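Enquirer: What follows is the file protein.cif, containing mmCIF, C-alpha atoms:
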data_run
loop_
_atom_site.label_atom_id
_atom_site.label_comp_id
_atom_site.auth_asym_id
_atom_site.auth_seq_id
_atom_site.Cartn_x
_atom_site.Cartn_y
_atom_site.Cartn_z
CA MET G 23 -67.48 -50.75 1.67
CA GLU G 24 -69.75 -49.08 4.17
CA ASN G 25 -66.94 -49.17 6.66
CA LEU G 26 -64.58 -47.41 4.26
CA LEU G 27 -67.15 -44.72 3.51
CA ASN G 28 -67.60 -44.25 7.22
CA ILE G 29 -63.86 -43.76 7.77
CA PHE G 30 -63.72 -41.36 4.84
CA VAL G 31 -66.57 -39.12 6.00
CA LYS G 32 -65.38 -39.25 9.58
CA SER G 33 -61.84 -38.21 8.74
CA ILE G 34 -63.06 -35.27 6.65
CA PHE G 35 -65.76 -33.82 8.85
CA VAL G 36 -65.79 -35.26 12.36
CA ASP G 37 -62.09 -35.71 13.04
CA ASN G 38 -61.03 -32.81 10.89
CA MET G 39 -57.28 -32.29 11.19
CA VAL G 40 -57.50 -28.55 11.70
CA PHE G 41 -60.73 -28.09 13.61
CA ALA G 42 -60.64 -31.08 15.92
CA PHE G 43 -56.90 -31.64 16.45
CA PHE G 44 -55.25 -28.36 15.42
CA LEU G 45 -52.78 -30.18 13.21
CA GLY G 46 -50.96 -28.42 10.42
CA MET G 47 -51.79 -25.05 11.93
CA CYS G 48 -48.44 -23.49 11.07
CA SER G 49 -48.78 -23.71 7.33
CA TYR G 50 -52.54 -23.26 7.70
CA LEU G 51 -51.95 -19.81 9.18
CA ALA G 52 -49.01 -18.87 7.00
CA VAL G 53 -50.28 -19.87 3.56
CA SER G 54 -53.97 -19.05 3.83
CA LYS G 55 -53.77 -15.54 2.41
CA THR G 56 -55.10 -16.32 -1.05
CA VAL G 57 -57.39 -19.10 -2.26
CA LYS G 58 -55.15 -20.04 -5.16
CA THR G 59 -52.04 -20.87 -3.17
CA SER G 60 -54.02 -22.63 -0.50
CA ILE G 61 -55.61 -24.92 -3.09
CA GLY G 62 -52.08 -25.74 -4.30
CA LEU G 63 -50.90 -26.58 -0.81
CA GLY G 64 -54.08 -28.52 -0.10
CA ILE G 65 -53.60 -30.74 -3.13
CA ALA G 66 -49.97 -31.33 -2.18
CA VAL G 67 -51.01 -32.38 1.34
CA VAL G 68 -53.67 -34.79 0.04
CA PHE G 69 -51.13 -36.27 -2.33
CA VAL G 70 -48.41 -36.77 0.29
CA LEU G 71 -50.87 -38.23 2.80
CA PHE G 72 -52.16 -40.61 0.12
CA ILE G 73 -48.63 -42.02 -0.15
CA THR G 74 -47.15 -41.76 3.35
CA VAL G 75 -50.02 -43.14 5.42
CA PRO G 76 -50.19 -46.54 3.64
CA VAL G 77 -46.39 -46.79 3.51
CA ASN G 78 -46.13 -46.08 7.22
CA PHE G 79 -48.96 -48.54 7.84
CA LEU G 80 -47.05 -51.32 6.11
CA ILE G 81 -43.83 -50.47 7.92
CA GLU G 82 -45.62 -50.43 11.23
CA LYS G 83 -47.31 -53.74 10.54
CA TYR G 84 -44.36 -55.69 9.14
CA LEU G 85 -41.38 -54.12 10.91
CA LEU G 86 -42.08 -52.15 14.05
CA ARG G 87 -44.96 -53.70 15.95
CA LYS G 88 -44.21 -56.24 18.66
CA GLY G 89 -43.96 -59.61 16.99
CA ALA G 90 -44.11 -58.07 13.53
CA LEU G 91 -40.75 -59.47 12.53
CA ILE G 92 -41.94 -63.07 12.85
CA TRP G 93 -41.74 -63.48 9.07
CA LEU G 94 -37.96 -63.38 9.43
CA GLY G 95 -37.95 -66.56 11.50
CA LYS G 96 -39.01 -67.85 14.91
CA GLY G 97 -36.22 -66.11 16.78
CA PHE G 98 -37.57 -62.68 15.86
CA GLY G 99 -41.01 -63.38 17.30
CA ASP G 100 -40.73 -61.13 20.32
CA VAL G 101 -38.66 -58.29 18.94
CA ASP G 102 -40.40 -55.00 19.68
CA LEU G 103 -39.15 -52.02 17.70
CA SER G 104 -42.09 -49.74 18.39
CA PHE G 105 -39.91 -47.23 20.24
CA LEU G 106 -38.43 -46.38 16.83
CA THR G 107 -41.82 -45.32 15.48
CA PHE G 108 -41.24 -41.55 15.50
CA MET G 109 -37.84 -41.76 13.91
CA VAL G 110 -38.97 -44.14 11.16
CA PHE G 111 -42.19 -42.26 10.40
CA ILE G 112 -40.50 -38.89 10.07
CA ALA G 113 -37.74 -40.40 7.94
CA VAL G 114 -40.32 -42.03 5.66
CA ILE G 115 -42.18 -38.74 5.36
CA ALA G 116 -39.06 -36.73 4.56
CA ALA G 117 -37.88 -39.32 2.05
CA MET G 118 -41.31 -39.63 0.43
CA VAL G 119 -41.66 -35.88 0.10
CA GLN G 120 -38.29 -35.74 -1.61
CA LEU G 121 -39.21 -38.65 -3.87
CA VAL G 122 -42.60 -37.23 -4.78
CA GLU G 123 -40.93 -33.93 -5.59
CA MET G 124 -38.47 -35.61 -7.97
CA VAL G 125 -41.14 -37.75 -9.65
CA ILE G 126 -43.43 -34.80 -10.20
CA GLU G 127 -40.58 -32.70 -11.53
CA LYS G 128 -39.75 -35.44 -14.03
CA PHE G 129 -43.20 -36.32 -15.27
CA SER G 130 -45.31 -33.23 -14.85
CA PRO G 131 -43.37 -29.97 -14.89
CA SER G 132 -46.55 -27.92 -14.88
CA LEU G 133 -47.82 -29.55 -11.68
CA TYR G 134 -44.32 -29.18 -10.26
CA ASN G 135 -44.33 -25.49 -10.96
CA SER G 136 -47.59 -24.99 -9.16
CA LEU G 137 -46.76 -27.24 -6.18
CA GLY G 138 -42.98 -26.82 -6.20
CA ILE G 139 -42.47 -24.42 -3.34
CA PHE G 140 -44.96 -26.18 -1.09
CA LEU G 141 -43.58 -29.67 -1.22
CA PRO G 142 -40.52 -29.16 1.02
CA LEU G 143 -42.75 -27.32 3.50
CA ILE G 144 -44.89 -30.38 3.85
CA ALA G 145 -42.17 -32.55 5.39
CA VAL G 146 -42.57 -30.62 8.63
CA ASN G 147 -46.33 -30.18 8.43
CA CYS G 148 -47.77 -31.62 11.63
CA ALA G 149 -50.83 -32.90 9.76
CA ILE G 150 -48.71 -35.44 7.86
CA LEU G 151 -46.96 -36.94 10.86
CA GLY G 152 -50.17 -36.57 12.85
CA ALA G 153 -52.10 -38.67 10.34
CA SER G 154 -49.50 -41.43 10.55
CA LEU G 155 -49.56 -41.39 14.34
CA PHE G 156 -53.36 -41.43 14.47
CA MET G 157 -53.31 -44.28 11.98
CA GLN G 158 -51.10 -46.18 14.42
CA GLU G 159 -53.17 -45.29 17.46
CA ARG G 160 -56.51 -46.20 15.93
CA GLU G 161 -55.26 -49.55 14.67
CA TYR G 162 -56.81 -49.73 11.23
CA GLU G 163 -57.21 -53.26 10.00
CA ASN G 164 -55.76 -53.21 6.51
CA VAL G 165 -53.91 -50.98 4.16
CA ILE G 166 -57.05 -49.89 2.28
CA GLU G 167 -58.60 -48.48 5.45
CA ALA G 168 -55.37 -46.66 6.21
CA THR G 169 -55.24 -45.17 2.71
CA VAL G 170 -58.85 -44.02 2.89
CA PHE G 171 -58.14 -42.43 6.25
CA GLY G 172 -55.07 -40.66 4.85
CA VAL G 173 -56.88 -39.26 1.84
CA GLY G 174 -59.86 -38.24 3.96
CA SER G 175 -57.67 -36.37 6.43
CA GLY G 176 -55.95 -34.60 3.56
CA ILE G 177 -59.23 -33.53 2.02
CA GLY G 178 -60.44 -32.32 5.40
CA TRP G 179 -57.31 -30.24 5.82
CA MET G 180 -57.67 -28.83 2.31
CA LEU G 181 -61.30 -27.94 2.98
CA ALA G 182 -60.24 -26.01 6.07
CA ILE G 183 -57.42 -24.06 4.46
CA VAL G 184 -59.42 -23.16 1.34
CA GLY G 185 -62.33 -22.05 3.54
CA ILE G 186 -60.25 -19.78 5.72
CA ALA G 187 -58.41 -18.37 2.68
CA ALA G 188 -61.71 -17.44 1.08
CA ILE G 189 -62.84 -15.72 4.27
CA ARG G 190 -59.52 -13.89 4.63
CA GLU G 191 -59.77 -12.60 1.07
CA LYS G 192 -63.16 -11.07 1.86
CA LEU G 193 -61.92 -9.84 5.22
CA ARG G 194 -59.76 -7.22 3.55
CA TYR G 195 -62.87 -5.10 3.07
CA SER G 196 -63.97 -5.20 6.66
CA ASN G 197 -63.01 -3.03 9.53
CA VAL G 198 -61.18 -5.24 12.04
CA PRO G 199 -59.81 -3.60 15.22
CA ASP G 200 -56.10 -2.89 14.71
CA PRO G 201 -54.63 -5.26 17.32
CA LEU G 202 -56.76 -8.12 16.00
CA LYS G 203 -55.65 -7.70 12.40
CA GLY G 204 -53.89 -10.62 10.75
CA LEU G 205 -53.17 -13.39 13.20
CA GLY G 206 -55.71 -12.60 15.92
CA ILE G 207 -58.78 -12.50 13.73
CA THR G 208 -57.64 -15.61 11.89
CA PHE G 209 -57.56 -17.52 15.16
CA ILE G 210 -61.00 -16.36 16.13
CA LEU G 211 -62.38 -17.15 12.67
CA THR G 212 -60.89 -20.62 12.84
CA GLY G 213 -62.55 -21.05 16.21
CA LEU G 214 -65.91 -20.06 14.75
CA MET G 215 -65.42 -22.40 11.79
CA ALA G 216 -64.55 -25.18 14.22
CA ILE G 217 -67.80 -24.54 16.10
CA ALA G 218 -69.64 -24.92 12.80
CA PHE G 219 -67.80 -28.16 12.08
CA MET G 220 -68.81 -29.52 15.47
CA GLY G 221 -72.26 -29.85 13.96
CA PHE G 222 -70.95 -32.92 12.18
CA MET G 223 -70.10 -34.61 15.45
CA GLY G 224 -71.53 -38.07 15.87
CA ILE G 225 -72.22 -38.64 12.18
CA LYS G 226 -72.18 -42.33 11.40
CA LEU G 227 -73.09 -44.02 8.18
CA MET K 25 -10.80 -14.96 19.24
CA SER K 26 -7.85 -14.17 21.55
CA ASN K 27 -8.40 -10.43 21.71
CA GLN K 28 -12.15 -10.80 22.02
CA GLU K 29 -13.30 -10.54 25.57
CA ARG K 30 -15.21 -13.56 26.77
CA GLU K 31 -18.86 -12.82 27.37
CA PRO K 32 -20.04 -13.55 30.91
CA LEU K 33 -22.54 -16.38 31.16
CA PHE K 34 -25.43 -14.18 32.25
CA SER K 35 -24.73 -11.00 30.33
CA ALA K 36 -27.50 -8.59 29.38
CA ASN K 37 -27.49 -9.99 25.87
CA ASN K 38 -28.01 -13.53 27.04
CA LEU K 39 -30.72 -12.43 29.43
CA LYS K 40 -32.52 -10.76 26.57
CA LEU K 41 -32.42 -14.04 24.67
CA PHE K 42 -34.40 -15.52 27.51
CA THR K 43 -36.91 -12.78 28.20
CA GLY K 44 -37.53 -11.86 24.54
CA PRO K 45 -39.44 -15.02 23.60
CA ILE K 46 -41.52 -14.83 26.77
CA GLY K 47 -42.83 -11.38 25.95
CA ILE K 48 -42.48 -9.41 22.74
CA ASN K 49 -41.07 -12.22 20.63
CA ASN K 50 -43.33 -14.99 21.89
CA PRO K 51 -43.17 -18.10 19.71
CA ILE K 52 -46.93 -18.60 19.62
CA THR K 53 -48.44 -15.13 19.52
CA VAL K 54 -45.75 -13.31 17.53
CA GLN K 55 -43.59 -15.79 15.62
CA VAL K 56 -46.64 -18.03 14.92
CA LEU K 57 -44.69 -21.20 15.61
CA GLY K 58 -45.76 -24.37 17.33
CA ILE K 59 -49.48 -23.86 17.38
CA CYS K 60 -50.10 -27.35 16.07
CA SER K 61 -49.67 -29.11 19.36
CA ALA K 62 -50.28 -26.11 21.59
CA LEU K 63 -54.05 -26.10 21.54
CA ALA K 64 -55.15 -29.69 21.69
CA ILE K 65 -53.68 -30.42 25.09
CA THR K 66 -54.87 -27.35 26.97
CA VAL K 67 -58.10 -28.76 28.38
CA LYS K 68 -56.45 -29.37 31.77
CA LEU K 69 -53.47 -27.75 33.43
CA LYS K 70 -51.52 -30.91 34.14
CA PRO K 71 -51.00 -32.20 30.59
CA ALA K 72 -50.32 -28.63 29.47
CA LEU K 73 -47.61 -28.28 32.11
CA VAL K 74 -46.04 -31.61 31.18
CA MET K 75 -46.16 -30.66 27.52
CA ALA K 76 -44.56 -27.27 28.21
CA ILE K 77 -41.72 -28.87 30.16
CA SER K 78 -41.19 -31.55 27.50
CA VAL K 79 -41.03 -29.01 24.70
CA THR K 80 -38.65 -26.79 26.69
CA ILE K 81 -36.29 -29.69 27.31
CA VAL K 82 -36.38 -30.88 23.71
CA VAL K 83 -35.90 -27.39 22.31
CA ALA K 84 -33.04 -26.50 24.67
CA VAL K 85 -31.11 -29.74 24.26
CA SER K 86 -31.48 -30.01 20.50
CA ASN K 87 -30.50 -26.35 20.20
CA VAL K 88 -27.28 -27.14 22.05
CA VAL K 89 -26.57 -30.24 19.97
CA ILE K 90 -27.14 -28.48 16.67
CA ALA K 91 -25.15 -25.43 17.79
CA ALA K 92 -22.25 -27.68 18.74
CA LEU K 93 -22.41 -29.50 15.41
CA ARG K 94 -23.19 -26.49 13.25
CA GLN K 95 -19.73 -26.34 11.62
CA TYR K 96 -19.91 -29.99 10.55
CA ILE K 97 -23.43 -30.20 9.15
CA PRO K 98 -23.48 -30.03 5.35
CA ASP K 99 -25.96 -27.42 4.25
CA ARG K 100 -27.88 -29.66 1.89
CA ILE K 101 -28.87 -32.28 4.42
CA ARG K 102 -29.30 -30.06 7.46
CA ILE K 103 -33.05 -30.63 7.69
CA ILE K 104 -32.59 -34.39 7.97
CA VAL K 105 -29.86 -33.93 10.59
CA GLN K 106 -32.10 -31.59 12.58
CA LEU K 107 -35.00 -34.02 12.36
CA VAL K 108 -32.83 -36.88 13.58
CA VAL K 109 -31.62 -34.90 16.59
CA ILE K 110 -35.16 -33.79 17.43
CA ALA K 111 -36.61 -37.26 16.94
CA THR K 112 -34.01 -38.77 19.26
CA MET K 113 -34.86 -36.27 21.99
CA VAL K 114 -38.57 -36.81 21.52
CA ILE K 115 -38.18 -40.58 21.77
CA LEU K 116 -36.35 -40.11 25.08
CA VAL K 117 -39.07 -37.82 26.42
CA ASP K 118 -41.80 -40.18 25.23
CA GLN K 119 -40.18 -43.23 26.84
CA PHE K 120 -39.69 -41.26 30.07
CA LEU K 121 -43.34 -40.20 30.17
CA LYS K 122 -44.51 -43.74 29.42
CA ALA K 123 -42.36 -45.09 32.23
CA PHE K 124 -43.04 -42.56 34.97
CA MET K 125 -46.26 -40.69 34.13
CA PHE K 126 -48.33 -43.19 32.21
CA ASP K 127 -51.70 -41.49 32.68
CA VAL K 128 -50.45 -38.14 31.39
CA SER K 129 -48.73 -39.91 28.50
CA LYS K 130 -52.09 -41.48 27.57
CA GLN K 131 -53.82 -38.08 27.70
CA LEU K 132 -51.20 -36.50 25.46
CA SER K 133 -51.54 -39.43 23.03
CA VAL K 134 -50.02 -38.55 19.66
CA PHE K 135 -49.05 -35.06 20.69
CA VAL K 136 -45.78 -36.12 22.28
CA GLY K 137 -44.74 -37.54 18.92
CA LEU K 138 -45.90 -34.38 17.26
CA ILE K 139 -43.27 -32.37 19.14
CA ILE K 140 -41.03 -33.53 16.27
CA THR K 141 -42.94 -31.46 13.78
CA ASN K 142 -43.53 -28.65 16.23
CA CYS K 143 -42.51 -25.64 14.22
CA ILE K 144 -40.80 -24.04 17.24
CA LEU K 145 -38.08 -26.65 17.02
CA MET K 146 -37.33 -26.39 13.32
CA GLY K 147 -37.78 -22.64 13.48
CA ARG K 148 -35.33 -22.11 16.33
CA LEU K 149 -32.78 -24.60 14.99
CA GLU K 150 -32.82 -22.96 11.57
CA ALA K 151 -32.97 -19.39 12.75
CA PHE K 152 -30.77 -19.49 15.81
CA ALA K 153 -28.80 -22.62 16.59
CA MET K 154 -27.30 -22.90 13.10
CA ALA K 155 -25.64 -19.52 13.58
CA ASN K 156 -24.81 -19.30 17.27
CA LYS K 157 -22.69 -20.91 19.96
CA PRO K 158 -24.08 -23.63 22.24
CA TRP K 159 -24.61 -21.50 25.37
CA PRO K 160 -26.68 -18.71 23.78
CA SER K 161 -28.56 -21.40 21.88
CA PHE K 162 -29.35 -23.14 25.14
CA ILE K 163 -30.74 -19.91 26.61
CA ASP K 164 -32.68 -19.25 23.44
CA GLY K 165 -34.17 -22.74 23.68
CA LEU K 166 -35.14 -22.23 27.32
CA GLY K 167 -36.67 -18.85 26.53
CA ASN K 168 -38.73 -20.13 23.64
CA GLY K 169 -39.84 -23.15 25.63
CA ALA K 170 -40.90 -20.85 28.45
CA GLY K 171 -42.74 -18.49 26.10
CA TYR K 172 -44.56 -21.44 24.60
CA GLY K 173 -45.30 -22.84 28.04
CA LEU K 174 -46.65 -19.51 29.27
CA ILE K 175 -49.33 -19.34 26.58
CA LEU K 176 -50.14 -23.01 27.10
CA ILE K 177 -50.56 -22.52 30.82
CA ILE K 178 -52.69 -19.37 30.47
CA VAL K 179 -55.02 -21.11 28.01
CA ALA K 180 -55.12 -24.31 30.04
CA PHE K 181 -55.82 -22.37 33.25
CA LEU K 182 -58.75 -20.53 31.66
CA ARG K 183 -60.15 -23.67 30.07
CA GLU K 184 -59.86 -25.78 33.18
CA PHE K 185 -61.19 -23.05 35.46
CA PHE K 186 -64.25 -22.21 33.38
CA GLY K 187 -64.73 -25.64 31.86
CA SER K 188 -64.37 -27.95 34.83
CA GLY K 189 -64.29 -25.54 37.77
CA THR K 190 -60.95 -26.86 38.99
CA ILE K 191 -57.37 -25.61 39.10
CA TYR K 192 -54.77 -28.35 38.64
CA GLY K 193 -57.40 -30.88 39.66
CA TYR K 194 -58.37 -28.96 42.83
CA PRO K 195 -62.13 -28.30 42.87
CA VAL K 196 -62.08 -24.55 43.49
CA MET K 197 -65.61 -23.83 42.41
CA GLN K 198 -66.99 -26.58 44.58
CA LYS K 199 -65.08 -25.33 47.64
CA LEU K 200 -66.32 -21.82 47.04
CA GLY K 201 -69.83 -23.20 47.00
CA VAL K 202 -70.91 -21.41 43.85
CA TYR K 203 -72.69 -24.48 42.49
CA ALA K 204 -75.24 -24.10 45.27
CA ALA K 205 -75.90 -20.58 44.03
CA GLY K 206 -76.82 -21.93 40.61
CA TYR K 207 -73.43 -21.72 38.84
CA GLU K 208 -72.83 -24.18 36.00
CA ASN K 209 -69.56 -25.17 34.35
CA ASN K 210 -69.26 -23.91 30.81
CA GLY K 211 -68.99 -27.09 28.77
CA MET K 212 -68.27 -25.10 25.64
CA VAL K 213 -64.84 -24.11 26.94
CA ILE K 214 -63.65 -27.71 27.00
CA LEU K 215 -64.37 -28.15 23.30
CA PRO K 216 -61.57 -27.49 20.78
CA PRO K 217 -62.89 -24.24 19.21
CA MET K 218 -62.59 -22.25 22.43
CA ALA K 219 -58.84 -22.87 22.58
CA LEU K 220 -58.48 -21.05 19.28
CA ILE K 221 -60.68 -18.21 20.42
CA PHE K 222 -58.74 -17.87 23.70
CA VAL K 223 -55.44 -17.65 21.82
CA GLY K 224 -57.02 -15.06 19.52
CA LEU K 225 -58.03 -13.03 22.56
CA ILE K 226 -54.55 -13.31 24.10
CA ILE K 227 -53.06 -12.03 20.85
CA TRP K 228 -55.56 -9.16 20.87
CA LEU K 229 -54.64 -8.26 24.45
CA GLN K 230 -50.90 -8.43 23.80
CA ARG K 231 -51.07 -6.36 20.63
CA SER K 232 -53.30 -3.71 22.09
CA ARG K 233 -50.78 -3.23 24.92
CA ASN K 234 -47.79 -3.34 22.59
CA ARG K 235 -48.79 -1.52 19.45
CA SER K 236 -45.53 -2.14 17.62
CA LEU K 237 -46.67 -5.73 17.02
CA ILE K 238 -49.74 -4.75 15.01
CA GLU K 239 -49.72 -6.09 11.45
CA ASN K 240 -50.23 -3.36 8.89
CA LYS K 241 -52.28 -4.71 6.07
#
Before anything else, please render the file you have as structure tokens.
Expert:
Amino acid sequence: MENLLNIFVKSIFVDNMVFAFFLGMCSYLAVSKTVKTSIGLGIAVVFVLFITVPVNFLIEKYLLRKGALIWLGKGFGDVDLSFLTFMVFIAVIAAMVQLVEMVIEKFSPSLYNSLGIFLPLIAVNCAILGASLFMQEREYENVIEATVFGVGSGIGWMLAIVGIAAIREKLRYSNVPDPLKGLGITFILTGLMAIAFMGFMGIKL
Amino acid sequence: MSNQEREPLFSANNLKLFTGPIGINNPITVQVLGICSALAITVKLKPALVMAISVTIVVAVSNVVIAALRQYIPDRIRIIVQLVVIATMVILVDQFLKAFMFDVSKQLSVFVGLIITNCILMGRLEAFAMANKPWPSFIDGLGNGAGYGLILIIVAFLREFFGSGTIYGYPVMQKLGVYAAGYENNGMVILPPMALIFVGLIIWLQRSRNRSLIENK
């Protein structure tokens, strides 16, 4: 339990997707103009990560890793499919995003209407693929750890985008030098926020 | 097609496709594409250079493939087709790096895989390769790769120079003897936040020199 809590806190604050690894920056910069839309996108990201990371974990463990196919029989013991990782992960993500979109549309039209436009965008959000690849690199032990990591990363990303959106809303009233307006000041603000987040470095429960 | 004069390979138009993304239409500072992987690997020049070359190759080749196939790709599934082409190229690059430059491949860690979701690729395939012939698409890919690489190399140069006092691993500061005079490396520059601030400053510089790029809000 303590271990899970540790992974959770670490993936939100210490290894924050945006501030420590710059993942998902494209949509982070493009969609962070108002708080409302960024909350919508944030929830969608958490949701998709919650599904794709454990699914990719299971695929990695039972299909791709060297020796993972041993359950098929002795002859498959040394088959190594890990070079297919990227292709399989991105296919799973694209398929899952499509699936999630259809399920939400069927069962919760109101949620679909608020998330609708963001879901397709997520398939090419680096934070989603990044989380799966980090999950592979850090070798989590079981599927629960992987899920906790996925959700934590999503919440961390959401925290970042909602924070910057709130700052950008207030920024409209301030006098930014012309060439810095828009993109430039957003970069610098993100940098400053990242410095603040570095205060969490080394936290361990 | 018969009465249309064939465009020479290096016409002014094609040249513009190459120089545009390096300067006024830069993928990072103007189109806001591909920032995801751009910043994390700019601590040292060498991984940044390798990354820039990898992205250029992937972007140019997948641009050509998609441009060649553009008539045959059904509109509804084009994103999947594009992702498959990109993923194939990235797997090739990744296997090549693992085989011949293992240490750099370790430093880049997940960021080679993340070329797949690099927005430059999807952006250029959607915006350019789906509507143009293979050769202009190839040039467009090279240009965007170079524009991306340029920013990467500027940021990596600054971070390595101020952060570690070296240029491409060569200890410049030590040779100049400034440490003896009390100079210290700025450890802050190596940390992630400074990459963002450097890119912000580059954008500031570019937009103050080229005022047409300023966002009016």
Enquirer: Run the PyMOL selection byres ((chain K) within 6 of (chain G)) against the file shown and list the residues it catches, as a list in words.
Expert: Cys60, Ala64, Ala111, Thr141, Pro217, Leu220, Ile221, Gly224, Ile227, Trp228, Arg231, Ser232 and Ile238 of chain K
Enquirer: Would you mind reading off the distance between CA of Gly147 in chain K and CA of Ala170 in chain K, one decimal, in Å?
Expert: 15.4 Å
Enquirer: Find the residues around Phe171 in chain G up to 12 Å (only C-alpha atoms counted), leave out those fewer than 5 positions away in its own chain, and share them as a PyMOL selection string.
Expert: chain G and resi 25-35+37-39+68+71-76+79+150+152-158+160-166+176-178
Enquirer: Just the selected residues (C-alpha atoms), exported as a short mmCIF file (atom, residue, chain, number, x, y, z; two decimals), in the frame of the given file, please.
Expert:
data_model
loop_
_atom_site.label_atom_id
_atom_site.label_comp_id
_atom_site.auth_asym_id
_atom_site.auth_seq_id
_atom_site.Cartn_x
_atom_site.Cartn_y
_atom_site.Cartn_z
CA ASN G 25 -66.94 -49.17 6.66
CA LEU G 26 -64.58 -47.41 4.26
CA LEU G 27 -67.15 -44.72 3.51
CA ASN G 28 -67.60 -44.25 7.22
CA ILE G 29 -63.86 -43.76 7.77
CA PHE G 30 -63.72 -41.36 4.84
CA VAL G 31 -66.57 -39.12 6.00
CA LYS G 32 -65.38 -39.25 9.58
CA SER G 33 -61.84 -38.21 8.74
CA ILE G 34 -63.06 -35.27 6.65
CA PHE G 35 -65.76 -33.82 8.85
CA ASP G 37 -62.09 -35.71 13.04
CA ASN G 38 -61.03 -32.81 10.89
CA MET G 39 -57.28 -32.29 11.19
CA VAL G 68 -53.67 -34.79 0.04
CA LEU G 71 -50.87 -38.23 2.80
CA PHE G 72 -52.16 -40.61 0.12
CA ILE G 73 -48.63 -42.02 -0.15
CA THR G 74 -47.15 -41.76 3.35
CA VAL G 75 -50.02 -43.14 5.42
CA PRO G 76 -50.19 -46.54 3.64
CA PHE G 79 -48.96 -48.54 7.84
CA ILE G 150 -48.71 -35.44 7.86
CA GLY G 152 -50.17 -36.57 12.85
CA ALA G 153 -52.10 -38.67 10.34
CA SER G 154 -49.50 -41.43 10.55
CA LEU G 155 -49.56 -41.39 14.34
CA PHE G 156 -53.36 -41.43 14.47
CA MET G 157 -53.31 -44.28 11.98
CA GLN G 158 -51.10 -46.18 14.42
CA ARG G 160 -56.51 -46.20 15.93
CA GLU G 161 -55.26 -49.55 14.67
CA TYR G 162 -56.81 -49.73 11.23
CA GLU G 163 -57.21 -53.26 10.00
CA ASN G 164 -55.76 -53.21 6.51
CA VAL G 165 -53.91 -50.98 4.16
CA ILE G 166 -57.05 -49.89 2.28
CA GLY G 176 -55.95 -34.60 3.56
CA ILE G 177 -59.23 -33.53 2.02
CA GLY G 178 -60.44 -32.32 5.40
#
Enquirer: May I ask for the distance between CA of Ser60 in chain G and CA of Leu225 in chain K, given in Å to one decimal place?
Expert: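 Answer for the CA of Ser60 in chain G to CA of Leu225 in chain K separation: 25.3 Å.
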Enquirer: What is the CA of Ile214 in chain K-CA of Gly187 in chain K distance in Å, reported with one decimal?
Expert: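 These atoms are spaced 5.4 Å apart.
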Enquirer: Neighbours of Gln55 in chain K within 12 Å (only C-alpha atoms; same-chain residues fewer than 6 positions away dropped), as a ChimeraX atom specification?
Expert: /G:48,51-52,205 /K:44-49,143-144,147-148,151,168,171-172,227,237
Enquirer: Quick one: residues within 8 Å of Val57 in chain G, all atoms listed in the file counted, chain neighbours fewer than 6 positions away excluded, as an MDAnalysis selection string?
Expert: chainID G and resid 184 187:188 191
Enquirer: I'd like to see the residues matched by the PyMOL selection byres ((chain K and resi 185) around 10) on this file, and ideally I'd get them as a PyMOL selection string.
Expert: chain K and resi 67-69+179-184+186-197+209-210+213-214
